[in-house]
Structures are given as structure tokens and as C-alpha cells.
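A.B. asks: Dropping the structure in here first, questions after.
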Amino acid sequence: MNALTFTLKHRTDQRVDMSPLVCHLLKDLALADIGALTLQSGKRKLRVDELFAIDGSDTQNIIIKNSVDNLDFIGKELDGGCVSVVGDAGAYLGFGMKTGELKVSGNAGLYAACEMKKGYLEIAGNAGDFLGAALPGNKMGMKGGTILVKGNVGQRAGDHMRRGNILIEGNAGDYCGSRMTAGTIAVMGQTGRYLGYAMRRGTLLLWNQPQLSASFNDCGAHTLAFLPILFASFKPLNSRFADATSAFNRVQRYAGDMSEMGRGEVLVKL
Amino acid sequence: MIINGVTIDATFAEAFPMKATRAIITAQNEKWALISAQAMTGFATSVIACGCEGSIERILESSETPDGRPGVSIMIFAMGGKGLAKQLETRAGQCVLTSPTAALFAGIDGGIRIPLGKNLRYFGDGFQVSKQIGGKRYWRIPVMDGEFLAEATTGQVDAIGGGNFLVLAESQPQALAACEAAIEEMRKIPNVIMPFPGGVVRSGSKVGSKYKTLGASTNDAFCPTLKGMTKTELSPEIESVMEIVIDGLTKEDIAKAMRVGIQAVCDLGAKNGIKRISAGNYGGKLGPFHFHLQEIMA
């Protein structure tokens, strides 16, 4: 079976809600039925076959081609299967994703992996603000799974994050790991200001010395036994994180945010 | 059946169902992993009085352990799941948590999950840190030498305890030498342990006693000094009997261990004073697993 492929015919003026085009919702639907589904775009409803050329039949393996940055909610609540995006993705990529695999060859917009529960999200380009965060007003961001971003990420990555891994090969913006409750964010590049702002628990694993606020206390240099296990878990990834030369177990440990619970940690490679 | 001059009795070893678990202890080097493992499996020779039976299964290469350090695999067997969990936790808390540089990991991924580091984490007094990596939960407990890393749970599986065979020899040194040779070979078999000191027991027991409070007492039929006083199983030339007890995850594992052990004894043969191989059973009343010696060696 060939992957079910949606090739965008033209860019719309208004943003498009792509949430109906996920593997578990398309299961057992014929191509004609899929084409007849409607997608919200501004105040209009567009038929899928009006917007996309549809090809292939494997609904558990979806490819979205010519994708642009106004296609929102791609892979929303994805519950199994695989979605590949060729091009950019809009906001709320992988919103509330439950299981499965979601890959983007370009950049992703705001709130990617927002409140993600499980599964794997890979963004080859950059990601916008609030990666793996909670919706405004909500208290729980990402609850599980792994996000890999090969480029840079915006501000507030992992805001209210509760569990899972966010792996960033590039740089992270301001407030990275803000209000984290648990989980791990690893950043190979540089980090911005207010790192770990109001974080309660969780780990920020850094390759470069950050600019830390006064509410993080230096706990000294340590060799930590869990780091080899953590790095070993990255080995299956198509990433610099899987490279054995990237791994380390000797770190400078900072505890914080002391203005909050203070059980979080920033581990900086030595 | 006679192998190399050694008579294999037409009898069987009688074994019973148990619950088992496995844990992996790693440390900075093999020496400290072994010290920790020996402490954890100390005083675990028999469920009769120790609450469990435990021993080192094998030494692990660095490449075989979760954290890439030298390690030791240990197994613990008990009559029930609750007892097993209690023994595991108590021993882990007193022998591995306390042991310098040691870390503790699950040795069985499936089965019923029982606490390994799950409750030990409270030793961290609120400073403990949880990490979920690859679907497994680990606890990082701050201790004076750094951090004690322990996987939250390990697996409990159905197992078999009490597989055994007896080595009957013309002298005590010959019986011991034969048992040592057997243990060396049996330790190469995975999924089994020989829980007694050095893998060998010299005080095999029978069920019951003339004293009402005792559930088990010396196996007088195999005591060489009682040959003229009791209904003996020993011929005049037998001066020493030693037993090897085997606990294993499956019947096949125990049978395999018994086979290589008995073969190692028989390889020494009659010329080294080994006269017979027998086994302990209770007429089939104690356990549902019967290991017939002649079938195993066929």
C-alpha cells in the first residue's frame, strides 16, 4: 500500500485546521470519503479534495506535501500511525498527540506538541514559541513522548512541561523550561534569558553555560549515573543526540528555581 | 545407569513452585559490584529460615549492564510474591543503597512489577529525583558518595525451587571436589542459582522431626555416621554425601543445570571416589516438579 498523500494545490489566504486528517480518523475511509471531508479555513469550510490532490491508500501512513505555515493542527491528537509533513507546519503541530510518529521536514509554528501525551515528534527545521507547552490558562504541558528539533526553538519551550523529553540541537529562546513540573529538556546550542524560570522539578541538560538567574544555586560538579542511560535512550534517533561523542556524564549541577519549589536542576556539560 | 563408574540412582528430585525476581547491581568496578551482590544475597540459603533463597547468577560485562559499568546479576526466590517483595526491598535498602558507587536495575522486564527503588526513594527525604527513560522509571537518590540510582521496579515471575542432586563419595574431600566441579559448570547456565554456601549443602534435610517444633531435620538416611543406627541409604564405602540445590526460572533451566552438574561429577568418576548420584524427594508429596535423574542424563 502506498502512503496516503495530500499534496497542497494552492496556499489559502486564511489558516486551515488540519485536525481531521490524522491516521485514526481516516482509518477505513475510502478515498472519495476522505476527499469529501471538510476543513475549516477562516469562516469557510473547504473540501479536502478542493485543497489537496489525494493519492495512495495507506491511512496509517500519511504524507502532506507542499505544506505551508498556515496549515494548523497537523497531527492533532494523533493516536497511532505516521504523519510526514514535507515543508512547513503551522501552529499547534501534534497538539495533544497520543501515540505515533509525526515528522516535519521544515519549520513548525507556535505551540508545537502542545500538551502532547506520548509518541515522537521530529522537526527538521525550527520550532516557534511554546514548544511542548500548555495552552494558555492550562497547568499541564507535555505529559510524555519525545520531541526532537534539529533547528532552533522559540521562547517558553517546555512551559508547564510535566513529563517526556524535548531535544533541541540548536538554540532555545528565553524562558526555556519555564514553570516545568518534570521531564527533560536538552539543548545543544545556546539558551536565552530566564532559563528555568519558576521551574519546580525537571532537568535542563545543556551543552553550553547558560546565563542563570540568582534563584539557581550551584551544587557543584558531579558524575551522574543516570546520564549514560539517558543518552543510550537517544541512540535510535536520527539526531546528533544519538552520536556517542555527544554523550557525557560529568556536569555542573545548579538547583532551582529557588523562588519556587526548587527541586529542578540545570546540568551543564563539563 | 552407570556413567564413568558412577551409579545414577533411579530416583527423582522433587521441586516446588516459587516466585522469583532478578536484579542487576552495578558499581564503579567489579569488586564493589560483587561486594554489594554478596551482601544482598547473604543469609539467603533456604526459605526455611531466611525468608528467601538468593544468590549471584553471574558476573556481567560492562556492555551488558544498563549504565555501562561492571555488574552482577542476582536472583531471589521466595514462596510467595509478598514475601519476595519484602525481602527484595529490605535487602536492596540495607545492602545496595548502602554500598559505595552501587546502582540497582531490574533484571526482568516482564512479569508482575514489584518495588525495587520505588520505596527506597523516600530515603532521599524529598530531594530524590524521578527520571522516566525509555519507558522505565528510575529514582536518583542523593547519598553521601553522590547519587544512588535505582530502577523503580523489577519483574516477579513464577519459578521453581528445590531441584537437587546428591553426590555420594568415599571421602569428604572427594565429595567436595566433585561438588566444586559441578558448581563451576552449573554457574555457566543462565536463569538458575545454587543458593547454599558455595552452591553446596552438607546438611540435607528430611521433612519433620522427633521434636514437634521442628519442620525439618537432618536427613539421617544419608548421614554416613548413622549407617549402623538408622535405615540408611548408604553402602559401607560411602563416607560423605553433599547436596547441590538448584532454584530456576523454568523446569528446563533446572534440568539443564542438573545435567551439566551431574556430568561434571561423573567426569571425575569412580577413580576419584565418586560412587553414586542420588536425589532428595518426599515421595512426590511436596512438589509437583519431578526431575528424574536417569531421564536427565539419558
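Within each chain, counting starts at residue 1; across the C-alpha cells, chains are named A, B, ... in the order shown, with ligands numbered 1 upward in that order.
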Give me, as a ChimeraX atom specification, all polymer residues having an atom no more than 8 Å from Glu151 of chain B, counting only C-alpha atoms and skipping those fewer than 5 positions away in the same chain.
C.D. replies: /B:104-106,116-118,136-139
A.B. asks: Keeping only N, CA and C atoms, write the selected residues to a file as a CSV table (one decimal), in the first residue's frame.
C.D. replies:
```
chain,number,residue,atom,x,y,z
B,104,LEU,N,21.2,0.1,41.1
B,104,LEU,CA,20.4,-1.1,41.1
B,104,LEU,C,19.4,-1.1,39.9
B,105,PHE,N,19.3,-2.1,39.1
B,105,PHE,CA,18.4,-2.1,38.0
B,105,PHE,C,17.6,-3.4,38.0
B,106,ALA,N,16.5,-3.4,37.2
B,106,ALA,CA,15.6,-4.5,37.1
B,106,ALA,C,16.4,-5.6,36.2
B,116,LEU,N,11.5,-2.0,43.5
B,116,LEU,CA,13.0,-2.1,43.7
B,116,LEU,C,13.5,-0.9,44.3
B,117,GLY,N,13.4,0.2,43.6
B,117,GLY,CA,13.8,1.5,44.2
B,117,GLY,C,12.6,2.4,44.5
B,118,LYS,N,11.4,1.9,44.2
B,118,LYS,CA,10.2,2.7,44.3
B,118,LYS,C,10.0,3.2,45.7
B,136,LYS,N,11.0,3.3,31.3
B,136,LYS,CA,11.3,2.8,32.7
B,136,LYS,C,11.5,4.0,33.6
B,137,ARG,N,11.0,3.8,34.8
B,137,ARG,CA,11.2,4.9,35.8
B,137,ARG,C,12.4,4.6,36.7
B,138,TYR,N,13.3,5.6,36.8
B,138,TYR,CA,14.4,5.5,37.7
B,138,TYR,C,14.3,6.5,38.8
B,139,TRP,N,14.9,6.2,40.0
B,139,TRP,CA,15.0,7.1,41.1
B,139,TRP,C,16.4,7.5,41.3
```
A.B. asks: Please list as a VMD selection string every residue within 12 Å of Phe248 of chain A, counting only C-alpha atoms and excluding residues in the same chain fewer than 5 positions away.
C.D. replies: chain A and resid 205 to 207 222 to 232 241 to 243 267 to 270
A.B. asks: Apply DSSP to the structure's backbone, then extract all residues of segment 34-266 of chain B labelled strand (DSSP E or B) and return them as a ChimeraX atom specification.
C.D. replies: /B:53-60,71-78,103-106,112-115,129-133,136-143,146-151,153-169,192-193,201,205-207,216-218,240-248
A.B. asks: Return as a list of chain:residue names the residues belonging to chain B that are within 10 Å of chain A, counting only C-alpha atoms.
C.D. replies: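 Interface list for chain B against chain A: B:Ala27, B:Thr65, B:Pro66, B:Asp67, B:Gly68, B:Arg69, B:Thr101, B:Ala102, B:Ala103, B:Gly126, B:Phe127, B:Gln128, B:Val129, B:Ser130, B:Lys131, B:Gln132, B:Ile133, B:Gly134, B:Gly135, B:Tyr138, B:Trp139, B:Arg140, B:Gly146, B:Glu147, B:Phe148, B:Leu149, B:Ala150.
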A.B. asks: Filtering to N, CA and C atoms, could you give me those residues as a PDB file, in the first residue's frame?
C.D. replies:
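So result.pdb came out as:
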```pdb
ATOM      1  N   ALA B  27      28.500  -1.204  39.745  1.00  0.00           N
ATOM      2  CA  ALA B  27      29.320  -0.335  40.600  1.00  0.00           C
ATOM      3  C   ALA B  27      30.507   0.169  39.797  1.00  0.00           C
ATOM      4  N   THR B  65      25.320  -4.189  31.006  1.00  0.00           N
ATOM      5  CA  THR B  65      24.580  -3.519  32.076  1.00  0.00           C
ATOM      6  C   THR B  65      23.940  -2.219  31.570  1.00  0.00           C
ATOM      7  N   PRO B  66      22.870  -1.788  32.223  1.00  0.00           N
ATOM      8  CA  PRO B  66      22.167  -0.586  31.746  1.00  0.00           C
ATOM      9  C   PRO B  66      23.016   0.680  31.774  1.00  0.00           C
ATOM     10  N   ASP B  67      23.916   0.803  32.734  1.00  0.00           N
ATOM     11  CA  ASP B  67      24.693   2.045  32.829  1.00  0.00           C
ATOM     12  C   ASP B  67      26.122   1.901  32.336  1.00  0.00           C
ATOM     13  N   GLY B  68      26.428   0.751  31.705  1.00  0.00           N
ATOM     14  CA  GLY B  68      27.736   0.571  31.095  1.00  0.00           C
ATOM     15  C   GLY B  68      28.869   0.383  32.089  1.00  0.00           C
ATOM     16  N   ARG B  69      28.522   0.007  33.327  1.00  0.00           N
ATOM     17  CA  ARG B  69      29.568  -0.248  34.313  1.00  0.00           C
ATOM     18  C   ARG B  69      29.599  -1.752  34.613  1.00  0.00           C
ATOM     19  N   THR B 101      29.138   3.437  45.468  1.00  0.00           N
ATOM     20  CA  THR B 101      29.062   3.537  43.994  1.00  0.00           C
ATOM     21  C   THR B 101      28.019   2.621  43.351  1.00  0.00           C
ATOM     22  N   ALA B 102      27.299   1.828  44.148  1.00  0.00           N
ATOM     23  CA  ALA B 102      26.384   0.838  43.555  1.00  0.00           C
ATOM     24  C   ALA B 102      25.139   1.486  42.959  1.00  0.00           C
ATOM     25  N   ALA B 103      24.636   0.869  41.895  1.00  0.00           N
ATOM     26  CA  ALA B 103      23.334   1.232  41.317  1.00  0.00           C
ATOM     27  C   ALA B 103      22.550  -0.057  41.136  1.00  0.00           C
ATOM     28  N   GLY B 126      12.806  13.822  50.175  1.00  0.00           N
ATOM     29  CA  GLY B 126      12.251  14.903  49.362  1.00  0.00           C
ATOM     30  C   GLY B 126      13.214  15.431  48.313  1.00  0.00           C
ATOM     31  N   PHE B 127      14.489  15.073  48.432  1.00  0.00           N
ATOM     32  CA  PHE B 127      15.472  15.530  47.442  1.00  0.00           C
ATOM     33  C   PHE B 127      15.619  14.518  46.303  1.00  0.00           C
ATOM     34  N   GLN B 128      14.922  13.390  46.374  1.00  0.00           N
ATOM     35  CA  GLN B 128      15.019  12.384  45.323  1.00  0.00           C
ATOM     36  C   GLN B 128      14.425  12.917  44.021  1.00  0.00           C
ATOM     37  N   VAL B 129      14.971  12.414  42.925  1.00  0.00           N
ATOM     38  CA  VAL B 129      14.534  12.874  41.604  1.00  0.00           C
ATOM     39  C   VAL B 129      14.119  11.661  40.785  1.00  0.00           C
ATOM     40  N   SER B 130      12.969  11.756  40.147  1.00  0.00           N
ATOM     41  CA  SER B 130      12.499  10.672  39.279  1.00  0.00           C
ATOM     42  C   SER B 130      12.879  10.978  37.840  1.00  0.00           C
ATOM     43  N   LYS B 131      13.276   9.961  37.107  1.00  0.00           N
ATOM     44  CA  LYS B 131      13.536  10.115  35.669  1.00  0.00           C
ATOM     45  C   LYS B 131      12.893   8.948  34.941  1.00  0.00           C
ATOM     46  N   GLN B 132      12.080   9.267  33.958  1.00  0.00           N
ATOM     47  CA  GLN B 132      11.492   8.208  33.146  1.00  0.00           C
ATOM     48  C   GLN B 132      12.256   8.172  31.825  1.00  0.00           C
ATOM     49  N   ILE B 133      12.957   7.079  31.604  1.00  0.00           N
ATOM     50  CA  ILE B 133      13.808   6.969  30.410  1.00  0.00           C
ATOM     51  C   ILE B 133      13.450   5.679  29.687  1.00  0.00           C
ATOM     52  N   GLY B 134      13.077   5.821  28.428  1.00  0.00           N
ATOM     53  CA  GLY B 134      12.743   4.634  27.632  1.00  0.00           C
ATOM     54  C   GLY B 134      11.641   3.803  28.246  1.00  0.00           C
ATOM     55  N   GLY B 135      10.652   4.447  28.839  1.00  0.00           N
ATOM     56  CA  GLY B 135       9.513   3.733  29.420  1.00  0.00           C
ATOM     57  C   GLY B 135       9.783   3.169  30.805  1.00  0.00           C
ATOM     58  N   TYR B 138      13.263   5.586  36.843  1.00  0.00           N
ATOM     59  CA  TYR B 138      14.439   5.474  37.712  1.00  0.00           C
ATOM     60  C   TYR B 138      14.317   6.504  38.827  1.00  0.00           C
ATOM     61  N   TRP B 139      14.909   6.165  39.960  1.00  0.00           N
ATOM     62  CA  TRP B 139      14.978   7.126  41.068  1.00  0.00           C
ATOM     63  C   TRP B 139      16.422   7.476  41.339  1.00  0.00           C
ATOM     64  N   ARG B 140      16.670   8.747  41.414  1.00  0.00           N
ATOM     65  CA  ARG B 140      18.001   9.255  41.766  1.00  0.00           C
ATOM     66  C   ARG B 140      17.917   9.731  43.202  1.00  0.00           C
ATOM     67  N   GLY B 146      27.422  10.601  46.336  1.00  0.00           N
ATOM     68  CA  GLY B 146      26.914  11.134  45.069  1.00  0.00           C
ATOM     69  C   GLY B 146      25.434  10.857  44.940  1.00  0.00           C
ATOM     70  N   GLU B 147      25.080  10.009  43.987  1.00  0.00           N
ATOM     71  CA  GLU B 147      23.672   9.636  43.815  1.00  0.00           C
ATOM     72  C   GLU B 147      23.544   8.127  43.737  1.00  0.00           C
ATOM     73  N   PHE B 148      22.523   7.600  44.410  1.00  0.00           N
ATOM     74  CA  PHE B 148      22.183   6.187  44.251  1.00  0.00           C
ATOM     75  C   PHE B 148      21.086   6.117  43.202  1.00  0.00           C
ATOM     76  N   LEU B 149      21.378   5.416  42.114  1.00  0.00           N
ATOM     77  CA  LEU B 149      20.414   5.290  41.027  1.00  0.00           C
ATOM     78  C   LEU B 149      19.752   3.921  41.115  1.00  0.00           C
ATOM     79  N   ALA B 150      18.432   3.904  41.173  1.00  0.00           N
ATOM     80  CA  ALA B 150      17.715   2.634  41.285  1.00  0.00           C
ATOM     81  C   ALA B 150      16.503   2.653  40.369  1.00  0.00           C
TER      82      ALA B 150
END
```
A.B. asks: I'd like the contact shell of Thr11 of chain B - 12 Å cut-off, only C-alpha atoms, skipping same-chain residues fewer than 2 positions apart - returned as a ChimeraX atom specification.
C.D. replies: /B:1,7-9,13-14,164-166,276-284,290-296
A.B. asks: Compile the contact shell of Lys43 of chain A as a PyMOL selection string: residues with an atom at most 12 Å away, counting only C-alpha atoms, same-chain residues fewer than 4 positions apart removed.
C.D. replies: chain A and resi 13-17+39
A.B. asks: Could you list, as a ChimeraX atom specification, every residue within 12 Å of Arg22 of chain B, counting only C-alpha atoms and ignoring same-chain residues fewer than 5 positions away?
C.D. replies: /B:37,40-41,53-58,72-78,84-85,88,92,104-111,113-116,153-159,190-193,248-249
A.B. asks: Find the residues around Asp218 of chain A up to 12 Å (only C-alpha atoms counted), leave out those fewer than 3 positions away in its own chain, and share them as a list in words.
C.D. replies: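 Selected residues are Leu212, Ser213, Ala214, Ser215, Ala221, His222, Val251, Gln252, Arg253, Tyr254, Ala255, Gly256, Asp257, Met258, Glu265, Val266, Leu267 and Val268 of chain A.
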A.B. asks: Under the rule that only C-alpha atoms are counted, which of B:Leu226, B:Ala33, B:Ala255, B:Ile160 is the nearest residue to Ala298 of chain B?
C.D. replies: B:Ala255
